[in-house]
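See below for data.cif, which holds mmCIF, C-alpha atoms.
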```cif
data_input
#
loop_
_atom_site.label_atom_id
_atom_site.label_comp_id
_atom_site.auth_asym_id
_atom_site.auth_seq_id
_atom_site.Cartn_x
_atom_site.Cartn_y
_atom_site.Cartn_z
CA MET A 1 -43.65 -12.84 20.55
CA ARG A 2 -40.39 -10.90 20.49
CA ARG A 3 -38.84 -10.16 23.87
CA ARG A 4 -38.19 -6.48 24.55
CA PHE A 5 -34.85 -5.41 25.98
CA SER A 6 -34.26 -2.07 27.66
CA ALA A 7 -31.94 0.42 25.95
CA GLU A 8 -29.43 0.03 28.78
CA THR A 9 -29.36 -3.76 28.44
CA ILE A 10 -28.90 -3.51 24.68
CA PHE A 11 -26.06 -1.03 25.20
CA LEU A 12 -24.31 -3.43 27.59
CA ILE A 13 -24.74 -6.34 25.16
CA ILE A 14 -23.30 -4.21 22.35
CA SER A 15 -20.31 -3.18 24.47
CA ALA A 16 -19.38 -6.69 25.62
CA THR A 17 -20.01 -8.37 22.25
CA PHE A 18 -18.29 -5.78 20.09
CA SER A 19 -15.32 -5.52 22.46
CA PHE A 20 -14.90 -9.30 22.35
CA CYS A 21 -15.21 -9.55 18.56
CA PHE A 22 -13.11 -6.46 17.82
CA THR A 23 -10.31 -7.62 20.15
CA LEU A 24 -10.31 -11.02 18.41
CA MET A 25 -9.45 -9.17 15.20
CA ALA A 26 -7.22 -6.41 16.58
CA PHE A 27 -5.10 -8.71 18.72
CA ILE A 28 -4.16 -11.04 15.89
CA SER A 29 -4.36 -8.73 12.86
CA ALA A 30 -0.75 -7.51 12.83
CA ILE A 31 0.63 -11.05 13.14
CA TYR A 32 -1.73 -12.25 10.39
CA ARG A 33 -0.74 -9.39 8.08
CA VAL A 34 2.98 -10.02 8.53
CA GLU A 35 3.10 -13.82 8.62
CA THR A 36 0.15 -14.83 6.39
CA VAL A 37 -0.38 -11.88 4.02
CA GLY A 38 3.34 -11.01 3.94
CA LEU A 39 2.97 -7.23 4.07
CA ASN A 40 6.01 -4.95 4.27
CA PRO A 41 6.19 -1.97 6.68
CA LEU A 42 4.91 0.58 4.18
CA GLN A 43 1.93 -1.63 3.30
CA LEU A 44 1.12 -2.02 7.01
CA ILE A 45 1.13 1.76 7.37
CA LEU A 46 -1.02 2.21 4.27
CA LEU A 47 -3.73 0.06 5.88
CA GLY A 48 -3.91 2.55 8.74
CA THR A 49 -3.82 5.47 6.31
CA ALA A 50 -6.75 4.03 4.34
CA LEU A 51 -8.70 3.61 7.57
CA GLU A 52 -7.96 7.16 8.75
CA ILE A 53 -8.86 8.75 5.40
CA THR A 54 -12.08 6.73 5.12
CA THR A 55 -13.32 7.74 8.57
CA PHE A 56 -12.28 11.36 7.97
CA ILE A 57 -14.13 11.61 4.63
CA PHE A 58 -17.32 9.71 5.48
CA GLU A 59 -17.90 10.89 9.07
CA ILE A 60 -20.15 13.72 7.84
CA PRO A 61 -22.12 12.03 4.99
CA THR A 62 -23.00 8.93 7.04
CA GLY A 63 -24.16 11.15 9.89
CA ILE A 64 -27.15 12.05 7.72
CA VAL A 65 -28.62 8.57 8.31
CA ALA A 66 -28.45 8.96 12.10
CA ASP A 67 -29.71 12.55 12.00
CA LEU A 68 -32.59 12.19 9.53
CA VAL A 69 -33.60 8.53 9.24
CA SER A 70 -32.84 6.45 12.34
CA ARG A 71 -30.09 6.07 14.93
CA ARG A 72 -30.96 2.39 15.14
CA LEU A 73 -30.65 1.86 11.38
CA SER A 74 -27.33 3.70 11.32
CA VAL A 75 -25.92 1.47 14.09
CA ILE A 76 -27.12 -1.73 12.38
CA ILE A 77 -25.60 -0.67 9.03
CA GLY A 78 -22.37 0.20 10.81
CA TYR A 79 -21.92 -3.14 12.56
CA THR A 80 -22.83 -5.03 9.39
CA LEU A 81 -20.12 -3.23 7.42
CA ILE A 82 -17.51 -3.62 10.16
CA GLY A 83 -18.16 -7.35 10.31
CA ALA A 84 -18.07 -7.60 6.51
CA GLY A 85 -14.70 -5.84 6.48
CA PHE A 86 -13.23 -8.31 8.96
CA ILE A 87 -14.61 -11.27 7.00
CA LEU A 88 -13.12 -9.92 3.75
CA GLU A 89 -9.67 -9.47 5.32
CA ALA A 90 -9.67 -13.00 6.77
CA SER A 91 -10.92 -14.59 3.54
CA VAL A 92 -8.51 -13.08 0.99
CA PRO A 93 -4.92 -12.77 2.33
CA ILE A 94 -3.71 -10.41 -0.41
CA PHE A 95 -2.72 -6.76 0.06
CA LEU A 96 -5.39 -5.04 -2.07
CA PRO A 97 -8.38 -6.97 -0.60
CA VAL A 98 -6.98 -6.40 2.90
CA LEU A 99 -6.65 -2.68 2.06
CA LEU A 100 -10.24 -2.65 0.77
CA ALA A 101 -11.33 -4.35 4.00
CA GLN A 102 -10.02 -1.34 5.99
CA VAL A 103 -12.10 0.98 3.81
CA VAL A 104 -15.21 -1.18 4.31
CA TRP A 105 -14.99 -1.41 8.08
CA GLY A 106 -13.83 2.20 8.43
CA PHE A 107 -16.90 3.24 6.43
CA GLY A 108 -19.00 1.14 8.79
CA TYR A 109 -17.46 2.79 11.84
CA THR A 110 -18.64 6.22 10.65
CA PHE A 111 -22.26 5.02 10.80
CA ILE A 112 -21.82 4.15 14.48
CA SER A 113 -19.70 7.13 15.55
CA GLY A 114 -22.00 9.43 17.50
CA ALA A 115 -25.13 7.49 16.52
CA LEU A 116 -24.90 4.85 19.27
CA ASP A 117 -24.42 7.39 22.07
CA ALA A 118 -27.20 9.56 20.66
CA TRP A 119 -29.50 6.53 20.47
CA LEU A 120 -28.87 5.69 24.13
CA ALA A 121 -29.58 9.26 25.20
CA ASP A 122 -32.77 9.32 23.09
CA GLU A 123 -34.09 6.04 24.48
CA ARG A 124 -32.99 6.24 28.10
CA GLY A 125 -32.55 9.93 28.87
CA VAL A 126 -29.39 11.64 30.10
CA ASP A 127 -29.87 11.18 33.86
CA GLY A 128 -27.41 8.67 35.29
CA LEU A 129 -25.60 8.13 31.99
CA THR A 130 -22.18 8.34 33.65
CA ALA A 131 -22.94 5.23 35.72
CA VAL A 132 -24.10 3.41 32.58
CA TYR A 133 -20.90 4.29 30.74
CA LEU A 134 -18.73 3.17 33.65
CA ARG A 135 -20.56 -0.16 33.83
CA THR A 136 -20.33 -0.51 30.06
CA SER A 137 -16.59 0.11 30.22
CA GLN A 138 -16.26 -2.78 32.68
CA PHE A 139 -18.21 -5.08 30.35
CA GLY A 140 -15.98 -3.99 27.46
CA ARG A 141 -12.79 -4.76 29.39
CA MET A 142 -14.07 -8.20 30.35
CA GLY A 143 -14.97 -8.89 26.73
CA ALA A 144 -11.47 -7.86 25.63
CA LEU A 145 -9.78 -10.09 28.21
CA PHE A 146 -11.82 -13.14 27.16
CA ALA A 147 -11.07 -12.35 23.51
CA ILE A 148 -7.31 -12.49 24.02
CA GLY A 149 -7.57 -16.04 25.39
CA ALA A 150 -9.98 -17.05 22.63
CA ALA A 151 -7.70 -15.59 19.95
CA VAL A 152 -4.76 -17.67 21.20
CA LEU A 153 -6.83 -20.86 20.96
CA LEU A 154 -8.42 -20.03 17.59
CA ALA A 155 -5.09 -19.05 16.04
CA ARG A 156 -3.92 -22.64 16.40
CA GLY A 157 -6.28 -23.45 13.56
CA GLY A 158 -4.97 -20.57 11.44
CA LEU A 159 -4.15 -16.91 12.01
CA HIS A 160 -7.16 -15.89 9.92
CA LEU A 161 -9.66 -17.63 12.23
CA PRO A 162 -9.86 -15.02 15.03
CA ILE A 163 -10.44 -12.29 12.43
CA LEU A 164 -13.07 -14.36 10.62
CA ILE A 165 -14.91 -15.32 13.82
CA GLY A 166 -14.74 -11.71 15.01
CA GLY A 167 -16.34 -10.53 11.76
CA ILE A 168 -19.06 -13.19 11.87
CA GLY A 169 -19.77 -12.26 15.49
CA ILE A 170 -20.21 -8.59 14.63
CA VAL A 171 -22.54 -9.40 11.72
CA GLY A 172 -24.44 -11.60 14.21
CA LEU A 173 -24.61 -8.62 16.58
CA ALA A 174 -26.14 -6.54 13.77
CA LEU A 175 -28.75 -9.27 13.19
CA PHE A 176 -29.55 -9.37 16.91
CA LEU A 177 -29.99 -5.58 16.93
CA THR A 178 -32.28 -5.80 13.90
CA LEU A 179 -34.55 -8.07 15.93
CA PHE A 180 -34.34 -6.59 19.41
CA MET A 181 -32.96 -3.02 19.40
CA PRO A 182 -35.74 -0.58 20.36
CA GLU A 183 -36.19 2.93 19.03
CA SER A 184 -39.03 5.05 20.30
CA GLY A 185 -37.34 8.32 21.23
CA PHE A 186 -35.84 9.28 17.87
CA LYS A 187 -36.64 12.65 16.37
CA PRO A 188 -34.96 13.95 13.21
CA VAL A 189 -32.29 16.54 13.98
CA PRO A 190 -33.19 20.08 12.85
CA SER A 191 -31.07 21.34 9.96
CA SER A 192 -29.54 24.04 12.16
CA GLU A 193 -28.08 21.37 14.48
CA ARG A 194 -26.75 18.92 11.88
CA THR A 195 -23.03 18.48 11.33
CA THR A 196 -22.02 19.21 7.73
CA TRP A 197 -18.79 19.73 5.84
CA GLY A 198 -19.43 23.45 6.03
CA LYS A 199 -19.87 23.25 9.77
CA MET A 200 -16.77 21.10 10.20
CA THR A 201 -14.73 23.63 8.20
CA ALA A 202 -16.21 26.44 10.26
CA THR A 203 -15.41 24.55 13.47
CA PHE A 204 -11.78 24.18 12.40
CA ARG A 205 -11.62 27.86 11.47
CA ASP A 206 -13.19 28.89 14.78
CA GLY A 207 -10.77 26.61 16.63
CA VAL A 208 -7.82 28.26 14.88
CA GLY A 209 -9.21 31.63 15.94
CA VAL A 210 -9.41 30.56 19.59
CA VAL A 211 -5.93 29.03 19.52
CA ARG A 212 -4.40 32.05 17.82
CA GLY A 213 -5.49 34.20 20.74
CA ASN A 214 -3.97 31.85 23.34
CA ALA A 215 -0.21 31.13 23.23
CA LEU A 216 -0.58 28.08 25.48
CA LEU A 217 -3.09 26.49 23.10
CA VAL A 218 -0.64 27.01 20.24
CA VAL A 219 1.77 24.80 22.21
CA VAL A 220 -1.01 22.24 22.72
CA VAL A 221 -1.61 22.12 18.95
CA GLY A 222 2.09 21.44 18.43
CA ILE A 223 2.08 18.61 20.98
CA THR A 224 -1.02 17.07 19.37
CA LEU A 225 0.54 17.21 15.91
CA PHE A 226 3.72 15.42 17.04
CA PHE A 227 1.64 12.82 18.92
CA GLY A 228 -0.13 12.14 15.62
CA PHE A 229 3.14 11.96 13.68
CA ALA A 230 4.49 9.24 15.97
CA SER A 231 1.43 7.19 16.91
CA GLU A 232 0.63 5.50 13.59
CA GLY A 233 4.15 4.15 13.09
CA ARG A 234 4.30 2.79 16.62
CA ASP A 235 0.83 1.23 16.51
CA ARG A 236 1.23 -0.40 13.09
CA LEU A 237 4.82 -1.59 13.21
CA TRP A 238 5.74 -2.72 16.72
CA GLU A 239 4.46 -6.29 16.20
CA ALA A 240 6.31 -6.49 12.87
CA GLN A 241 9.49 -5.36 14.64
CA MET A 242 9.07 -8.13 17.22
CA LEU A 243 8.39 -10.78 14.57
CA GLU A 244 11.24 -9.76 12.29
CA ASN A 245 14.02 -8.92 14.73
CA ILE A 246 13.31 -10.69 18.03
CA THR A 247 13.63 -14.42 18.75
CA PHE A 248 10.62 -15.62 20.75
CA PRO A 249 11.01 -18.17 23.58
CA THR A 250 9.98 -21.73 22.78
CA PHE A 251 8.53 -23.42 25.84
CA GLY A 252 6.51 -26.52 25.03
CA ALA A 253 3.68 -25.75 22.63
CA THR A 254 3.84 -21.97 23.03
CA ASP A 255 4.03 -19.82 19.91
CA THR A 256 4.27 -16.13 18.99
CA VAL A 257 0.53 -15.61 19.49
CA PHE A 258 0.79 -16.83 23.08
CA TRP A 259 3.63 -14.41 23.83
CA PHE A 260 1.76 -11.49 22.28
CA ALA A 261 -1.14 -12.42 24.58
CA VAL A 262 1.22 -12.32 27.58
CA ILE A 263 2.39 -8.84 26.54
CA ALA A 264 -1.21 -7.63 26.07
CA VAL A 265 -2.48 -8.90 29.43
CA ALA A 266 0.61 -7.70 31.30
CA GLY A 267 0.25 -4.28 29.69
CA LEU A 268 -3.42 -4.09 30.62
CA LEU A 269 -2.74 -4.94 34.27
CA ALA A 270 0.29 -2.65 34.47
CA GLY A 271 -1.79 0.17 32.98
CA LEU A 272 -4.42 -0.21 35.68
CA VAL A 273 -1.75 -0.07 38.39
CA ALA A 274 0.00 2.93 36.82
CA THR A 275 -3.26 4.86 36.45
CA GLU A 276 -4.16 4.27 40.09
CA PHE A 277 -0.66 5.28 41.23
CA ILE A 278 -0.79 8.53 39.26
CA ARG A 279 -4.35 9.22 40.46
CA ARG A 280 -3.20 8.98 44.07
CA ARG A 281 0.05 10.92 43.66
CA ILE A 282 -0.73 13.77 41.26
CA ASN A 283 -2.44 16.96 42.41
CA ALA A 284 -5.40 16.99 40.03
CA GLU A 285 -6.03 20.70 40.64
CA SER A 286 -2.52 21.84 39.67
CA GLN A 287 -1.89 22.49 35.98
CA THR A 288 1.85 22.85 36.56
CA ALA A 289 1.91 19.43 38.27
CA ALA A 290 0.03 17.94 35.29
CA ILE A 291 2.60 19.38 32.87
CA ARG A 292 5.53 18.09 34.94
CA VAL A 293 4.05 14.58 35.01
CA GLN A 294 3.45 14.68 31.25
CA PHE A 295 7.05 15.77 30.67
CA VAL A 296 8.31 12.81 32.69
CA LEU A 297 5.90 10.36 31.04
CA ASN A 298 6.82 11.52 27.54
CA THR A 299 10.51 11.19 28.35
CA LEU A 300 9.81 7.61 29.42
CA VAL A 301 7.69 6.98 26.29
CA ILE A 302 10.54 8.18 24.06
CA GLY A 303 13.17 6.21 25.94
CA ALA A 304 11.11 3.02 25.90
CA ILE A 305 10.36 3.10 22.16
CA VAL A 306 13.95 4.02 21.17
CA LEU A 307 15.38 1.24 23.34
CA PHE A 308 12.71 -1.12 21.98
CA GLY A 309 14.03 -0.44 18.49
CA MET A 310 17.53 -1.34 19.66
CA ALA A 311 16.58 -4.38 21.79
CA GLN A 312 17.84 -7.85 20.89
CA ASN A 313 16.37 -9.92 23.73
CA PHE A 314 12.68 -10.94 23.87
CA VAL A 315 12.16 -10.15 27.57
CA VAL A 316 13.78 -6.74 27.18
CA ALA A 317 11.82 -5.90 24.01
CA ALA A 318 8.50 -7.12 25.46
CA THR A 319 9.03 -5.17 28.68
CA LEU A 320 9.93 -1.99 26.81
CA ILE A 321 6.95 -2.06 24.44
CA MET A 322 4.63 -2.84 27.35
CA LEU A 323 6.04 0.07 29.36
CA ASN A 324 5.77 2.33 26.33
CA GLY A 325 2.06 1.54 26.14
CA VAL A 326 1.56 2.07 29.88
CA PHE A 327 3.37 5.44 29.91
CA ARG A 328 1.61 6.54 26.73
CA GLY A 329 -1.85 5.62 28.03
CA ALA A 330 -1.26 7.42 31.34
CA ASN A 331 0.00 10.49 29.48
CA GLN A 332 -3.06 10.58 27.21
CA THR A 333 -5.36 10.51 30.23
CA ILE A 334 -3.56 13.42 31.93
CA PHE A 335 -3.27 15.32 28.64
CA GLY A 336 -7.04 15.17 28.16
CA ALA A 337 -7.74 16.43 31.67
CA TRP A 338 -5.10 19.18 31.36
CA ILE A 339 -6.51 20.49 28.07
CA ASN A 340 -10.11 20.42 29.27
CA LYS A 341 -9.19 22.58 32.26
CA GLU A 342 -7.46 25.10 29.99
CA LEU A 343 -10.53 25.55 27.78
CA THR A 344 -13.58 27.65 28.46
CA THR A 345 -17.00 26.02 28.22
CA GLN A 346 -17.79 28.01 25.08
CA ALA A 347 -14.59 27.02 23.27
CA ARG A 348 -14.17 23.44 24.52
CA ALA A 349 -16.10 21.52 21.84
CA THR A 350 -14.66 23.66 19.03
CA VAL A 351 -11.02 23.31 20.09
CA LEU A 352 -11.28 19.58 20.90
CA SER A 353 -12.82 18.92 17.49
CA MET A 354 -10.01 20.86 15.83
CA LEU A 355 -7.38 18.95 17.82
CA GLY A 356 -8.96 15.67 16.68
CA GLN A 357 -8.61 16.77 13.06
CA ILE A 358 -4.98 17.79 13.61
CA ASP A 359 -4.22 14.41 15.21
CA ALA A 360 -5.76 12.59 12.22
CA ILE A 361 -3.70 14.64 9.76
CA GLY A 362 -0.58 13.96 11.81
CA GLN A 363 -1.26 10.22 11.77
CA ILE A 364 -1.74 10.16 7.99
CA VAL A 365 1.39 12.21 7.19
CA GLY A 366 3.64 10.77 9.91
CA GLY A 367 2.51 7.21 9.27
CA ILE A 368 3.42 7.33 5.57
CA LEU A 369 6.82 8.90 6.30
CA ILE A 370 7.65 6.26 8.92
CA GLY A 371 6.47 3.51 6.56
CA ILE A 372 8.78 4.74 3.78
CA PHE A 373 11.61 5.09 6.30
CA ALA A 374 11.03 1.52 7.54
CA ASN A 375 11.08 0.12 4.00
CA MET A 376 14.35 1.91 3.26
CA LEU A 377 16.30 1.36 6.50
CA GLY A 378 14.42 -1.36 8.40
CA LEU A 379 12.05 -1.64 11.32
CA ARG A 380 14.66 -1.04 14.01
CA PHE A 381 15.46 2.40 12.63
CA ALA A 382 11.75 3.08 12.15
CA MET A 383 11.06 2.48 15.86
CA ILE A 384 13.94 4.76 16.80
CA GLY A 385 12.52 7.32 14.37
CA VAL A 386 9.12 7.13 16.10
CA GLY A 387 10.82 8.03 19.37
CA LEU A 388 12.76 10.90 17.81
CA LEU A 389 9.53 12.32 16.34
CA LEU A 390 8.33 12.83 19.91
CA LEU A 391 11.40 14.75 21.09
CA PRO A 392 9.90 18.18 20.18
CA THR A 393 7.06 17.49 22.63
CA LEU A 394 9.55 17.77 25.51
CA LEU A 395 10.52 21.28 24.39
CA LEU A 396 6.85 22.17 24.01
CA TYR A 397 6.02 20.86 27.49
CA ARG A 398 8.87 22.95 28.94
CA ARG A 399 7.46 26.00 27.21
CA ALA A 400 3.94 25.20 28.45
CA TYR A 401 5.28 24.83 32.01
CA ARG A 402 7.02 28.22 31.92
CA MET A 403 3.94 29.91 30.49
CA THR A 404 1.70 28.36 33.15
CA VAL A 405 4.05 29.32 36.00
CA ARG A 406 4.25 32.89 34.67
CA ARG A 407 0.46 33.07 34.37
CA ASP A 408 0.01 31.80 37.94
CA GLU A 409 2.53 34.35 39.25
CA VAL A 410 0.71 37.19 37.51
CA SER A 411 -2.60 35.91 38.85
CA ALA A 412 -1.19 35.69 42.39
CA GLU A 413 0.24 39.20 42.23
CA SER A 414 -3.10 40.61 41.15
CA ASP A 415 -5.03 38.78 43.91
CA PRO A 416 -5.50 41.11 46.92
CA VAL A 417 -5.95 38.18 49.29
CA THR A 418 -2.66 36.64 48.16
CA LEU A 419 -0.88 39.99 48.43
CA THR A 420 -2.14 40.50 51.97
CA THR A 421 -0.97 37.03 52.94
CA LYS A 422 2.49 37.70 51.52
CA ARG A 423 2.90 40.76 53.68
#
```
Here is a file; write its structure as structure tokens.
Amino acid sequence: MRRRFSAETIFLIISATFSFCFTLMAFISAIYRVETVGLNPLQLILLGTALEITTFIFEIPTGIVADLVSRRLSVIIGYTLIGAGFILEASVPIFLPVLLAQVVWGFGYTFISGALDAWLADERGVDGLTAVYLRTSQFGRMGALFAIGAAVLLARGGLHLPILIGGIGIVGLALFLTLFMPESGFKPVPSSERTTWGKMTATFRDGVGVVRGNALLVVVVGITLFFGFASEGRDRLWEAQMLENITFPTFGATDTVFWFAVIAVAGLLAGLVATEFIRRRINAESQTAAIRVQFVLNTLVIGAIVLFGMAQNFVVAATLIMLNGVFRGANQTIFGAWINKELTTQARATVLSMLGQIDAIGQIVGGILIGIFANMLGLRFAMIGVGLLLLPTLLLYRRAYRMTVRRDEVSAESDPVTLTTKR
């Protein structure tokens, strides 16, 4: 007789297992693609472009499975395809199969996107979901930490092994879900509530309408676009820059994989410290304070990535790329909170969806441009170029700050209580 697991338990198992298996792949993939497959910078960027385009195109069609047939089936299909993509990449170290692997696992991701969260809400109900997500996040982080250590050990047998084992593990997760994942609360989504290409286009159009009527949101769109321009080049090429232009220390049996693990763990711990520091110091209720902190963080992000491109020493380069990730992660957290407070309840989902589409377009366009630039002039100049792409965000943040201060002054002047206090 098959043992029944609760939806919450299944969700925790999924989080820990997928985080472990995905980190096995993600941690080692850039090193594998450079050292084993021999990809050049443009080819590395094209892998990310293929992934972005695949998820963008198939997000809507694959949603039909989750909306009309079964959330559970959609999740199982998704994990099967993601695992198959990883296995393909590890098995055939040639550019075109590796490129196809991104399409396969990106296609799989679209089956899970939205479906897993909807399944949990259907099966468990929405009460207390925040606590479940927080606990799940902890399980995911633990899985990622264990995966970094496992990847270092597995890579000694070949750089393809962590990716292969990660893929097999995810296919195994899909098999486990086929046997034990419950589904009793699913009801097909009414046609009026389904997401379609028409609705996505209408959402973008409605988002443009909201933004057009709000000068501050126009600035936010600009910031989002430049974030997208810069992020793909940084994410896809920093490991290649380290491998090509930095000499790694050689202590005993240590290798490049070990040092990348040191950078990853140090960055994770530093990020936790930085987030706590900012949480304690920043006035969460002040939008002007949020903008000032973002201006400072983006200045540090730009400085770190530009200096990283120029660095010659391993310790200096590793410290700079780690700090870049810490500053960038902290900025993204504050950016999200800042934007949400600027949006009305009615417009929030529409504008956030539109910003997500703008970010994806920015990543596709900016990534290709940086990849071409890197092939022509080298990875050092590409990293410097990534930093320079973010310079306009500083001007936009200054403009946002002035607009917010002016708005607050007008609001204060029109507030009778404030006026009385001033007298």
Report the distance between CA of Ile14 in chain A and CA of Ile148 in chain A in Å, rounded to one decimal place.
->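 Going from CA of Ile14 in chain A over to CA of Ile148 in chain A covers 18.1 Å.
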Selection: 8 Å around range 289-303 of chain A, all atoms listed in the file, excl. self and same-chain fewer than 6 positions, as a list in words |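 Here the answer would be Ile282, Asn283, Leu323, Asn324, Gly325, Phe327, Arg328, Ala330, Asn331, Ile334, Phe335, Trp338, Gly387, Leu388, Leu390, Leu391, Thr393, Leu394, Tyr397, Arg398, Ala400 and Tyr401 of chain A.
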Care to translate the PyMOL selection byres ((chain A and resi 367-384) around 7) into actual residues of this file, as a PyMOL selection string?
-> chain A and resi 41-42+45-46+229+232-234+241+305-306+309-310+363-366+385-388
With a distance cut-off of 12 Å and all atoms listed in the file, select the neighbouring residues of Tyr133 in chain A, excluding the residue or stretch itself and same-chain residues fewer than 6 positions from it, and output the selection as a list in words.
-> Glu8, Thr9, Phe11, Leu12, Ser15, Asp117, Leu120, Ala121, Val126, Asp127, Phe139 and Gly140 of chain A
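Using all atoms listed in the file, the shortest contact distance between Ala144 in chain A and any of A:Gly336, A:Val410, A:Cys21, A:Ala311 is found at A:Cys21.
Residue nearest Val273 in chain A within the list A:Gly329, A:Phe258, A:Leu73, A:Ile246: A:Gly329 [criterion: smallest interatomic distance, all atoms listed in the file].
With distances taken over all atoms listed in the file, A:Gly166 is the one residue among A:Glu89, A:Gly166, A:Arg71, A:Ala115 lying closest to Phe18 in chain A.
One finds CA of Ala230 in chain A at 16.5 Å from CA of Leu320 in chain A.
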